[in-house]
>>> print(open('data35.csv').read())   # CSV, C-alpha atoms and all ligand atoms
chain,number,residue,atom,x,y,z
A,1,MET,CA,-114.4,-157.8,190.6
A,2,LEU,CA,-111.5,-158.4,188.2
A,3,VAL,CA,-108.2,-160.0,189.2
A,4,VAL,CA,-105.4,-158.8,186.9
A,5,MET,CA,-102.5,-161.3,186.7
A,6,GLN,CA,-98.9,-160.4,186.0
A,7,SER,CA,-97.8,-160.8,182.4
A,8,HIS,CA,-95.4,-163.6,183.4
A,9,ALA,CA,-97.8,-165.3,185.8
A,10,THR,CA,-97.7,-169.1,185.4
A,11,GLU,CA,-100.6,-171.3,184.6
A,12,GLU,CA,-100.4,-172.7,188.1
A,13,GLN,CA,-100.7,-169.3,189.6
A,14,VAL,CA,-103.8,-168.5,187.5
A,15,ARG,CA,-105.3,-171.8,188.5
A,16,ALA,CA,-104.6,-171.3,192.2
A,17,VAL,CA,-106.5,-167.9,192.1
A,18,CYS,CA,-109.4,-169.5,190.2
A,19,ASP,CA,-109.6,-172.4,192.7
A,20,ARG,CA,-109.6,-169.9,195.6
A,21,ILE,CA,-112.5,-168.0,194.0
A,22,ASP,CA,-114.4,-171.2,193.2
A,23,SER,CA,-113.9,-172.4,196.8
A,24,LEU,CA,-115.7,-169.3,198.0
A,25,GLY,CA,-118.8,-170.3,196.1
A,26,MET,CA,-118.1,-167.9,193.3
A,27,LYS,CA,-117.2,-168.5,189.6
A,28,ALA,CA,-113.8,-167.6,188.2
A,29,HIS,CA,-113.5,-166.8,184.4
A,30,PRO,CA,-109.9,-166.7,183.3
A,31,ILE,CA,-109.7,-164.6,180.2
A,32,PRO,CA,-106.3,-164.6,178.5
A,33,GLY,CA,-105.3,-161.4,176.7
A,34,SER,CA,-102.2,-160.7,174.6
A,35,ALA,CA,-100.4,-159.0,177.5
A,36,ARG,CA,-101.8,-160.8,180.5
A,37,THR,CA,-104.6,-162.9,181.9
A,38,ALA,CA,-107.5,-161.3,183.7
A,39,ILE,CA,-109.9,-163.3,185.9
A,40,GLY,CA,-113.4,-162.1,186.0
A,41,ILE,CA,-115.5,-163.1,189.1
A,42,THR,CA,-119.2,-163.7,188.9
A,43,GLY,CA,-121.6,-164.9,191.5
A,44,ASN,CA,-120.3,-162.6,194.3
A,45,SER,CA,-123.0,-160.9,196.3
A,46,GLY,CA,-120.9,-157.7,196.7
A,47,ALA,CA,-120.4,-158.1,200.4
A,48,VAL,CA,-117.3,-160.3,200.3
A,49,ASP,CA,-114.0,-158.4,200.4
A,50,LEU,CA,-111.8,-160.1,197.8
A,51,GLY,CA,-108.8,-157.8,198.4
A,52,PHE,CA,-106.9,-160.7,199.9
A,53,LEU,CA,-106.5,-162.1,196.4
A,54,GLU,CA,-104.0,-159.4,195.8
A,55,SER,CA,-101.5,-161.1,198.0
A,56,MET,CA,-101.6,-164.3,196.0
A,57,PRO,CA,-98.5,-165.1,193.8
A,58,GLY,CA,-98.8,-163.7,190.3
A,59,VAL,CA,-101.6,-161.2,191.0
A,60,ILE,CA,-101.0,-157.5,190.2
A,61,GLU,CA,-104.3,-156.1,191.5
A,62,CYS,CA,-108.0,-156.6,192.1
A,63,ILE,CA,-110.2,-153.9,190.5
A,64,PRO,CA,-113.9,-153.5,191.1
A,65,VAL,CA,-115.9,-153.6,187.9
A,66,THR,CA,-118.5,-150.8,188.2
A,67,LYS,CA,-120.4,-151.6,185.1
A,68,PRO,CA,-123.4,-153.9,185.3
A,69,TYR,CA,-121.8,-156.2,182.7
A,70,LYS,CA,-118.4,-157.7,183.5
A,71,LEU,CA,-117.2,-160.5,181.2
A,72,VAL,CA,-118.3,-158.7,178.0
A,73,SER,CA,-116.5,-155.5,179.1
A,74,ARG,CA,-113.3,-154.2,177.7
A,75,ASP,CA,-112.2,-153.9,181.4
A,76,VAL,CA,-111.8,-157.6,181.4
A,77,LYS,CA,-110.3,-157.9,177.9
A,78,ALA,CA,-108.8,-154.8,176.3
A,79,GLU,CA,-108.3,-156.3,172.8
A,80,ASP,CA,-111.1,-157.4,170.4
A,81,SER,CA,-112.3,-161.0,170.7
A,82,ILE,CA,-111.8,-163.0,167.5
A,83,ILE,CA,-114.4,-165.7,167.2
A,84,LYS,CA,-113.2,-168.8,165.3
A,85,ILE,CA,-116.0,-170.7,163.4
A,86,PRO,CA,-114.7,-174.0,162.2
A,87,THR,CA,-116.5,-175.0,158.9
A,88,PRO,CA,-116.0,-177.9,156.5
A,89,SER,CA,-114.0,-175.5,154.3
A,90,GLY,CA,-111.7,-174.2,157.0
A,91,ASP,CA,-112.0,-171.7,159.8
A,92,VAL,CA,-113.9,-168.4,159.5
A,93,PHE,CA,-112.8,-165.6,161.8
A,94,VAL,CA,-115.0,-162.8,163.1
A,95,GLY,CA,-113.7,-159.7,164.9
A,96,GLY,CA,-110.4,-158.0,165.3
A,97,GLY,CA,-110.2,-156.9,161.6
A,98,HIS,CA,-111.9,-160.0,160.2
A,99,ILE,CA,-115.3,-159.4,158.6
A,100,ALA,CA,-117.6,-162.4,158.2
A,101,MET,CA,-120.5,-162.5,155.7
A,102,VAL,CA,-123.6,-164.6,156.3
A,103,ALA,CA,-126.1,-165.0,153.6
A,104,GLY,CA,-129.1,-167.2,152.8
A,105,PRO,CA,-132.9,-167.3,152.9
A,106,CYS,CA,-134.9,-166.2,155.9
A,107,ALA,CA,-136.4,-169.7,156.2
A,108,VAL,CA,-135.4,-173.2,155.0
A,109,GLU,CA,-138.5,-173.9,152.8
A,110,THR,CA,-137.5,-176.9,150.6
A,111,GLU,CA,-134.3,-178.8,149.8
A,112,GLU,CA,-134.5,-177.4,146.3
A,113,GLN,CA,-134.9,-173.8,147.4
A,114,CYS,CA,-131.9,-174.1,149.7
A,115,PHE,CA,-129.7,-175.9,147.1
A,116,THR,CA,-130.6,-173.3,144.5
A,117,VAL,CA,-129.7,-170.3,146.7
A,118,ALA,CA,-126.6,-172.1,148.1
A,119,GLN,CA,-125.4,-173.0,144.6
A,120,GLN,CA,-125.7,-169.4,143.5
A,121,LEU,CA,-124.0,-168.1,146.6
A,122,ARG,CA,-121.1,-170.3,146.4
A,123,SER,CA,-119.3,-168.2,143.7
A,124,THR,CA,-119.7,-165.0,145.7
A,125,GLY,CA,-117.1,-166.1,148.3
A,126,VAL,CA,-119.6,-166.1,151.2
A,127,ARG,CA,-118.7,-168.8,153.7
A,128,LEU,CA,-121.5,-168.8,156.2
A,129,PHE,CA,-125.0,-169.9,155.0
A,130,ARG,CA,-128.1,-168.8,157.0
A,131,GLY,CA,-131.6,-170.2,157.0
A,132,GLY,CA,-134.2,-170.7,159.7
A,133,ALA,CA,-135.5,-174.1,160.4
A,134,TYR,CA,-137.4,-172.8,163.5
A,135,LYS,CA,-139.1,-169.5,162.8
A,136,PRO,CA,-140.4,-167.2,165.5
A,137,ARG,CA,-143.4,-165.7,163.8
A,138,THR,CA,-145.7,-162.9,165.0
A,139,SER,CA,-148.7,-164.9,163.8
A,140,PRO,CA,-149.3,-168.6,164.8
A,141,TYR,CA,-150.8,-169.1,161.3
A,142,SER,CA,-147.6,-168.0,159.5
A,143,PHE,CA,-145.1,-170.6,158.3
A,144,GLN,CA,-143.3,-171.8,161.4
A,145,GLY,CA,-140.3,-173.5,159.7
A,146,LEU,CA,-139.6,-177.1,158.9
A,147,GLY,CA,-138.0,-177.9,162.2
A,148,LEU,CA,-135.8,-181.0,162.3
A,149,SER,CA,-136.2,-181.7,158.6
A,150,GLY,CA,-135.1,-178.1,157.9
A,151,LEU,CA,-131.9,-178.8,160.0
A,152,LYS,CA,-131.3,-181.9,157.9
A,153,ILE,CA,-131.5,-179.8,154.7
A,154,LEU,CA,-129.0,-177.4,156.2
A,155,SER,CA,-126.6,-180.2,157.0
A,156,HIS,CA,-126.8,-181.4,153.4
A,157,ILE,CA,-126.0,-177.9,152.3
A,158,ARG,CA,-123.0,-177.9,154.7
A,159,LYS,CA,-121.7,-181.1,153.3
A,160,GLN,CA,-122.3,-180.3,149.6
A,161,PHE,CA,-121.0,-176.8,149.6
A,162,GLY,CA,-118.7,-176.5,152.6
A,163,PHE,CA,-120.6,-173.6,154.1
A,164,GLY,CA,-120.7,-173.1,157.9
A,165,ILE,CA,-124.3,-173.1,158.9
A,166,VAL,CA,-126.0,-170.3,161.0
A,167,THR,CA,-129.5,-171.1,162.2
A,168,GLU,CA,-131.8,-170.0,164.9
A,169,ALA,CA,-132.8,-171.8,168.1
A,170,ILE,CA,-136.1,-170.6,169.6
A,171,ASP,CA,-136.2,-172.6,172.8
A,172,ASN,CA,-134.1,-175.0,174.8
A,173,GLU,CA,-135.5,-178.0,172.9
A,174,SER,CA,-134.6,-176.6,169.4
A,175,LEU,CA,-131.2,-175.5,170.7
A,176,ASP,CA,-130.4,-179.1,171.6
A,177,LEU,CA,-131.0,-180.0,167.9
A,178,VAL,CA,-129.5,-176.9,166.4
A,179,GLU,CA,-126.3,-177.7,168.3
A,180,GLU,CA,-126.0,-181.0,166.5
A,181,TYR,CA,-126.5,-179.7,163.0
A,182,ALA,CA,-125.2,-176.1,162.9
A,183,ASP,CA,-121.9,-174.2,163.2
A,184,VAL,CA,-123.4,-171.1,164.8
A,185,ILE,CA,-126.5,-170.8,166.9
A,186,GLN,CA,-128.6,-167.7,166.3
A,187,ILE,CA,-130.7,-166.3,169.2
A,188,GLY,CA,-133.3,-164.0,167.6
A,189,ALA,CA,-134.5,-160.6,168.6
A,190,ARG,CA,-137.6,-161.9,170.2
A,191,ASN,CA,-135.6,-164.1,172.5
A,192,MET,CA,-132.9,-161.7,173.5
A,193,GLN,CA,-134.2,-161.6,177.0
A,194,ASN,CA,-135.3,-165.3,177.2
A,195,PHE,CA,-133.0,-165.9,180.1
A,196,SER,CA,-133.3,-169.6,180.3
A,197,LEU,CA,-132.5,-169.9,176.6
A,198,LEU,CA,-129.5,-167.5,177.1
A,199,LYS,CA,-128.2,-169.7,179.9
A,200,ARG,CA,-128.6,-172.8,177.8
A,201,ALA,CA,-126.7,-171.0,175.0
A,202,GLY,CA,-124.0,-170.3,177.6
A,203,ARG,CA,-123.5,-174.1,178.0
A,204,ALA,CA,-123.5,-174.8,174.3
A,205,LYS,CA,-120.3,-175.8,172.5
A,206,LEU,CA,-121.0,-173.6,169.4
A,207,PRO,CA,-120.5,-169.9,168.9
A,208,ILE,CA,-123.7,-167.8,169.5
A,209,LEU,CA,-125.0,-165.0,167.3
A,210,LEU,CA,-127.1,-162.9,169.6
A,211,LYS,CA,-129.5,-160.5,167.9
A,212,ARG,CA,-130.6,-157.2,169.5
A,213,GLY,CA,-134.1,-157.2,170.9
A,214,MET,CA,-136.3,-154.8,168.9
A,215,SER,CA,-136.6,-152.4,171.8
A,216,ALA,CA,-133.4,-153.3,173.7
A,217,THR,CA,-131.1,-150.6,175.1
A,218,LEU,CA,-127.3,-151.0,174.8
A,219,ASP,CA,-127.0,-152.1,178.4
A,220,GLU,CA,-129.8,-154.7,178.0
A,221,PHE,CA,-128.1,-156.0,174.9
A,222,LEU,CA,-124.8,-156.4,176.6
A,223,MET,CA,-126.4,-157.9,179.7
A,224,ALA,CA,-128.0,-160.5,177.5
A,225,ALA,CA,-124.6,-161.4,176.1
A,226,GLU,CA,-123.3,-161.4,179.7
A,227,TYR,CA,-125.8,-164.2,180.5
A,228,ILE,CA,-124.1,-166.4,177.8
A,229,LEU,CA,-120.5,-165.6,178.9
A,230,SER,CA,-121.3,-166.1,182.5
A,231,GLU,CA,-122.2,-169.7,181.8
A,232,GLY,CA,-118.8,-170.3,180.2
A,233,ASN,CA,-119.4,-169.7,176.4
A,234,TYR,CA,-117.2,-166.8,175.5
A,235,ASN,CA,-117.8,-167.2,171.7
A,236,VAL,CA,-120.5,-164.6,171.3
A,237,MET,CA,-121.2,-162.4,168.4
A,238,LEU,CA,-123.7,-159.6,168.7
A,239,CYS,CA,-125.9,-158.5,165.8
A,240,GLU,CA,-127.7,-155.2,165.3
A,241,ARG,CA,-130.9,-155.8,163.4
A,242,GLY,CA,-132.9,-152.6,163.8
A,243,VAL,CA,-135.1,-151.3,166.6
A,244,ARG,CA,-138.6,-150.0,166.6
A,245,THR,CA,-139.0,-146.2,166.4
A,246,PHE,CA,-141.5,-143.7,165.1
A,247,SER,CA,-139.9,-143.8,161.7
A,248,ASP,CA,-142.5,-145.2,159.3
A,249,PHE,CA,-140.6,-145.8,156.1
A,250,SER,CA,-138.7,-148.9,157.2
A,251,ARG,CA,-139.6,-152.1,159.0
A,252,ASN,CA,-137.2,-151.1,161.7
A,253,THR,CA,-134.6,-148.4,162.2
A,254,LEU,CA,-131.1,-149.8,161.7
A,255,ASP,CA,-129.2,-148.3,164.6
A,256,LEU,CA,-125.7,-148.2,163.2
A,257,ALA,CA,-124.5,-145.9,165.9
A,258,ILE,CA,-124.6,-148.9,168.2
A,259,VAL,CA,-121.5,-150.4,166.4
A,260,PRO,CA,-118.9,-147.9,167.8
A,261,ALA,CA,-120.9,-147.8,171.1
A,262,VAL,CA,-120.5,-151.5,171.5
A,263,LYS,CA,-116.8,-151.4,170.4
A,264,LYS,CA,-116.1,-148.8,173.1
A,265,ARG,CA,-117.5,-150.9,175.8
A,266,SER,CA,-117.1,-154.5,174.8
A,267,HIS,CA,-114.5,-156.8,173.2
A,268,LEU,CA,-117.2,-158.8,171.4
A,269,PRO,CA,-117.6,-158.6,167.7
A,270,ILE,CA,-120.8,-157.0,166.3
A,271,LEU,CA,-122.5,-157.9,163.0
A,272,VAL,CA,-125.2,-155.9,161.3
A,273,ASP,CA,-128.4,-157.3,159.6
A,274,PRO,CA,-129.5,-154.7,157.0
A,275,SER,CA,-132.4,-157.0,155.9
A,276,HIS,CA,-134.5,-157.0,159.1
A,277,GLY,CA,-133.0,-153.6,159.9
A,278,THR,CA,-134.8,-152.0,156.9
A,279,GLY,CA,-137.3,-154.6,155.7
A,280,LYS,CA,-136.9,-153.3,152.1
A,281,ARG,CA,-134.8,-154.9,149.4
A,282,HIS,CA,-133.6,-151.6,147.9
A,283,LYS,CA,-132.1,-150.5,151.2
A,284,VAL,CA,-130.0,-153.6,151.9
A,285,LEU,CA,-127.0,-152.6,149.7
A,286,PRO,CA,-126.7,-149.0,150.9
A,287,LEU,CA,-127.0,-150.0,154.6
A,288,SER,CA,-124.5,-152.9,154.0
A,289,ARG,CA,-122.0,-150.4,152.7
A,290,ALA,CA,-122.6,-148.1,155.7
A,291,ALA,CA,-122.4,-151.0,158.2
A,292,VAL,CA,-119.0,-152.0,157.0
A,293,ALA,CA,-117.9,-148.4,156.9
A,294,VAL,CA,-119.0,-147.9,160.5
A,295,GLY,CA,-116.9,-150.8,161.7
A,296,ALA,CA,-119.2,-153.8,161.7
A,297,ASP,CA,-117.5,-157.2,162.0
A,298,GLY,CA,-119.9,-158.9,159.6
A,299,LEU,CA,-123.2,-158.7,157.7
A,300,LEU,CA,-126.2,-161.0,157.9
A,301,VAL,CA,-128.1,-160.7,154.6
A,302,GLU,CA,-131.3,-162.5,153.5
A,303,VAL,CA,-131.0,-163.9,149.9
A,304,HIS,CA,-133.6,-165.8,148.0
A,305,HIS,CA,-133.6,-166.8,144.3
A,306,GLN,CA,-137.4,-166.1,144.1
A,307,PRO,CA,-138.1,-163.5,146.7
A,308,GLU,CA,-141.7,-163.0,145.5
A,309,LYS,CA,-142.4,-166.7,146.4
A,310,ALA,CA,-140.6,-166.7,149.7
A,311,LEU,CA,-142.6,-168.1,152.7
A,312,SER,CA,-141.1,-165.4,154.9
A,313,ASP,CA,-139.4,-162.0,154.5
A,314,GLY,CA,-139.4,-162.0,150.7
A,315,ILE,CA,-139.8,-158.2,150.6
A,316,GLN,CA,-136.4,-157.7,152.2
A,317,SER,CA,-134.6,-160.6,150.5
A,318,ILE,CA,-132.2,-159.8,147.7
A,319,LEU,CA,-131.3,-161.9,144.7
A,320,PRO,CA,-128.1,-163.9,144.6
A,321,SER,CA,-126.8,-161.7,141.8
A,322,GLU,CA,-127.4,-158.6,143.9
A,323,PHE,CA,-125.5,-160.3,146.7
A,324,THR,CA,-122.6,-160.7,144.3
A,325,SER,CA,-122.4,-156.9,143.8
A,326,LEU,CA,-122.9,-156.3,147.5
A,327,MET,CA,-119.9,-158.6,148.3
A,328,SER,CA,-117.7,-156.7,145.8
A,329,GLU,CA,-118.7,-153.3,147.1
A,330,VAL,CA,-118.2,-154.1,150.8
A,331,GLN,CA,-114.9,-155.7,150.0
A,332,GLN,CA,-113.7,-152.4,148.6
A,333,ILE,CA,-114.9,-150.5,151.6
A,334,ALA,CA,-113.3,-153.1,154.0
A,335,ALA,CA,-110.0,-152.7,152.1
A,336,VAL,CA,-110.0,-148.9,152.7
A,337,LEU,CA,-110.3,-149.6,156.4
A,338,HIS,CA,-107.6,-152.3,156.3
A,339,ARG,CA,-110.0,-155.0,157.2
A,340,GLN,CA,-110.5,-158.3,155.5
A,341,ILE,CA,-113.6,-160.2,154.5
A,342,ASN,CA,-113.6,-163.9,155.0
A,401,LIG,C1,-134.1,-163.9,161.2
A,401,LIG,O1,-132.9,-163.7,161.2
A,401,LIG,O2,-134.7,-164.4,160.2
A,401,LIG,C2,-134.9,-163.3,162.2
A,401,LIG,C3,-136.1,-163.9,162.6
A,401,LIG,O3,-134.4,-162.2,162.7
A,401,LIG,P1,-134.8,-161.3,164.0
A,401,LIG,O4,-134.7,-162.2,165.2
A,401,LIG,O5,-133.8,-160.2,164.0
A,401,LIG,O6,-136.2,-160.7,163.8
A,402,MN,MN,-136.1,-163.2,158.3
>>> encode(input="data35.csv", output="structure tokens")
Amino acid sequence: MLVVMQSHATEEQVRAVCDRIDSLGMKAHPIPGSARTAIGITGNSGAVDLGFLESMPGVIECIPVTKPYKLVSRDVKAEDSIIKIPTPSGDVFVGGGHIAMVAGPCAVETEEQCFTVAQQLRSTGVRLFRGGAYKPRTSPYSFQGLGLSGLKILSHIRKQFGFGIVTEAIDNESLDLVEEYADVIQIGARNMQNFSLLKRAGRAKLPILLKRGMSATLDEFLMAAEYILSEGNYNVMLCERGVRTFSDFSRNTLDLAIVPAVKKRSHLPILVDPSHGTGKRHKVLPLSRAAVAVGADGLLVEVHHQPEKALSDGIQSILPSEFTSLMSEVQQIAAVLHRQIN
């Protein structure tokens, strides 16, 4: 159920409706839009008739939300959400015409490795630095990440270069730590349906970058985001990173068609990860161009100064110099679409 408030409804009227909803044991989510505030209701069993809310001051109407997801839906918020990521060098915006670039190695390996990559990325204009301190690996014998010491390296990078830090949390314990050190918490493909982690992310104070599960449908992807919003964190960015198909020439099949599909249904921004989406270095630039052309709100790209020595995902990592060309090409494509890279 969605309660639509009048454009001139007062804050008190919005609060009174929210209090009424909360007093019935449900949860009210006031979502301000440019024209009016809408209040999403979660936690209702479906049996309760909420039509009486229509008679409260400031309410225009109550409309049932038929889709399985509510808070992520455009029904609740017609315009694009713009996520603000505060960084030491100023705010980065994602969505609503703002394209955000995220670059860095798959994993934080050493202080020297991260500093070298960060140093070379600084001149490209990218403002968000990625690197996993906690790595969800298929094999228990593969490099699992440096954990807390990796987060400390990332915080040095943040301080030294002014980058905002994007890094993955793999469970509730690592999320507690990531929340202290990073600017954006990444939830990886393998955890897209880890519901207790999603709920914890919903209580986090940082924006969340939620990657699509490798076999997730569009509805499953949006429902995973709904878990985070339903706990009160509305700063969610989606990320398409390829799905598993019968295609045998790429690590995954980058499903760019999901970008307009998400935009039709949801106000949340969606980034694209052409690195995991293809698994091959030479495909990263062409798919980056395509992702921006199709309307992606950002790109997540793996960059390593010595990809042949990388402890994870070297085959899909590009060099910093290649990222420089990528930035300039996608900037030109973004300009044609009247969108801006920040
Ligand atoms: C990553 O970003 O390094 C990563 C592990 O990605 P995904 O969860 O998409 O596999
Ligand atoms: Mn990786």
>>> atom_distance(input="data35.csv", atom1="atom CA of Val236 of chain A", atom2="atom CA of Ser23 of chain A")
27.5 Å
>>> residues_around(input="data35.csv", residues="Ile185 of chain A", least_positions_apart="3", cutoff="9 Å", atoms="all atoms listed in the file", output="ChimeraX atom specification")
/A:165-169,175,178-179,182,201,204,206-210
>>> closest_residue(input="data35.csv", among="A:Asp49, A:Glu240, A:Glu308, A:Asp219", to="ligand LIG 401 (chain A)", atoms="all atoms listed in the file")
A:Glu240
>>> residues_near_point(input="data35.csv", point="(-107.9, -158.0, 155.8)", cutoff="12 Å", atoms="only C-alpha atoms", output="list in words")
Phe93, Val94, Gly95, Gly96, Gly97, His98, Ile99, Ala100, Asp297, Gln331, Gln332, Ile333, Ala334, Ala335, Val336, Leu337, His338, Arg339, Gln340, Ile341 and Asn342 of chain A
>>> closest_residue(input="data35.csv", among="A:Ile21, A:Cys106, A:Thr278, A:Thr10", to="Pro57 of chain A", atoms="all atoms listed in the file")
A:Thr10
>>> residues_near_ligand(input="data35.csv", ligand="ligand MN 402 (chain A)", cutoff="7 Å", atoms="only C-alpha atoms and all ligand atoms", output="NGL selection string")
:A and (106-107 or 276 or 302 or 312-313)
>>> closest_residue(input="data35.csv", among="A:Lys263, A:Arg251, A:Lys77, A:Arg15", to="ligand LIG 401 (chain A)", atoms="only C-alpha atoms and all ligand atoms")
A:Arg251
>>> residues_near_ligand(input="data35.csv", ligand="ligand LIG 401 (chain A)", cutoff="9 Å", atoms="only C-alpha atoms and all ligand atoms", output="compact mmCIF listing (two decimals) with C-alpha atoms, in the frame of the given file")
# COMPACT_ATOMS: atom_id res chain seq x y z
CA PRO A 105 -132.90 -167.30 152.90
CA CYS A 106 -134.90 -166.20 155.90
CA ALA A 107 -136.40 -169.70 156.20
CA ARG A 130 -128.10 -168.80 157.00
CA GLY A 131 -131.60 -170.20 157.00
CA GLY A 132 -134.20 -170.70 159.70
CA LYS A 135 -139.10 -169.50 162.80
CA PRO A 136 -140.40 -167.20 165.50
CA ARG A 137 -143.40 -165.70 163.80
CA THR A 167 -129.50 -171.10 162.20
CA GLU A 168 -131.80 -170.00 164.90
CA GLN A 186 -128.60 -167.70 166.30
CA ILE A 187 -130.70 -166.30 169.20
CA GLY A 188 -133.30 -164.00 167.60
CA ALA A 189 -134.50 -160.60 168.60
CA ARG A 190 -137.60 -161.90 170.20
CA ASN A 191 -135.60 -164.10 172.50
CA MET A 192 -132.90 -161.70 173.50
CA LEU A 210 -127.10 -162.90 169.60
CA LYS A 211 -129.50 -160.50 167.90
CA ARG A 212 -130.60 -157.20 169.50
CA GLY A 213 -134.10 -157.20 170.90
CA MET A 214 -136.30 -154.80 168.90
CA CYS A 239 -125.90 -158.50 165.80
CA GLU A 240 -127.70 -155.20 165.30
CA ARG A 241 -130.90 -155.80 163.40
CA GLY A 242 -132.90 -152.60 163.80
CA ASP A 273 -128.40 -157.30 159.60
CA SER A 275 -132.40 -157.00 155.90
CA HIS A 276 -134.50 -157.00 159.10
CA GLY A 277 -133.00 -153.60 159.90
CA LEU A 300 -126.20 -161.00 157.90
CA VAL A 301 -128.10 -160.70 154.60
CA GLU A 302 -131.30 -162.50 153.50
CA SER A 312 -141.10 -165.40 154.90
CA ASP A 313 -139.40 -162.00 154.50
>>> closest_atom_pairs(input="data35.csv", of="segment 162-249 of chain A", to="segment 112-121 of chain A", cutoff="12 Å", atoms="only C-alpha atoms", output="Markdown table")
| residue | atom | partner | partner_atom | distance |
| --- | --- | --- | --- | --- |
| A:Gly162 | CA | A:Ala118 | CA | 10.1 |
| A:Phe163 | CA | A:Ala118 | CA | 8.6 |
| A:Gly164 | CA | A:Ala118 | CA | 11.5 |
| A:Ile165 | CA | A:Ala118 | CA | 11.1 |
>>> write_last_selection(input="data35.csv", atoms="C-alpha atoms", output="mmCIF file, in the coordinates of the input")
data_model
loop_
_atom_site.group_PDB
_atom_site.id
_atom_site.type_symbol
_atom_site.label_atom_id
_atom_site.label_comp_id
_atom_site.auth_asym_id
_atom_site.auth_seq_id
_atom_site.Cartn_x
_atom_site.Cartn_y
_atom_site.Cartn_z
ATOM 1 C CA GLY A 162 -118.700 -176.500 152.600
ATOM 2 C CA PHE A 163 -120.600 -173.600 154.100
ATOM 3 C CA GLY A 164 -120.700 -173.100 157.900
ATOM 4 C CA ILE A 165 -124.300 -173.100 158.900
#
>>> residues_around(input="data35.csv", residues="Tyr69 of chain A", least_positions_apart="3", cutoff="9 Å", atoms="all atoms listed in the file", output="list in words")
Val65, Thr66, Val72, Ser73, Asp219, Leu222, Met223, Ala225 and Glu226 of chain A
>>> atom_distance(input="data35.csv", atom1="atom CA of Pro68 of chain A", atom2="atom CA of Glu220 of chain A")
9.7 Å
>>> residues_around(input="data35.csv", residues="Ile228 of chain A", least_positions_apart="3", cutoff="8 Å", atoms="all atoms listed in the file", output="short mmCIF file (atom, residue, chain, number, x, y, z; two decimals) with C-alpha atoms, in the frame of the given file")
data_model
loop_
_atom_site.label_atom_id
_atom_site.label_comp_id
_atom_site.auth_asym_id
_atom_site.auth_seq_id
_atom_site.Cartn_x
_atom_site.Cartn_y
_atom_site.Cartn_z
CA LEU A 198 -129.50 -167.50 177.10
CA LYS A 199 -128.20 -169.70 179.90
CA ARG A 200 -128.60 -172.80 177.80
CA ALA A 201 -126.70 -171.00 175.00
CA GLY A 202 -124.00 -170.30 177.60
CA ARG A 203 -123.50 -174.10 178.00
CA ALA A 224 -128.00 -160.50 177.50
CA ALA A 225 -124.60 -161.40 176.10
CA GLU A 231 -122.20 -169.70 181.80
CA GLY A 232 -118.80 -170.30 180.20
CA ASN A 233 -119.40 -169.70 176.40
CA TYR A 234 -117.20 -166.80 175.50
CA VAL A 236 -120.50 -164.60 171.30
#
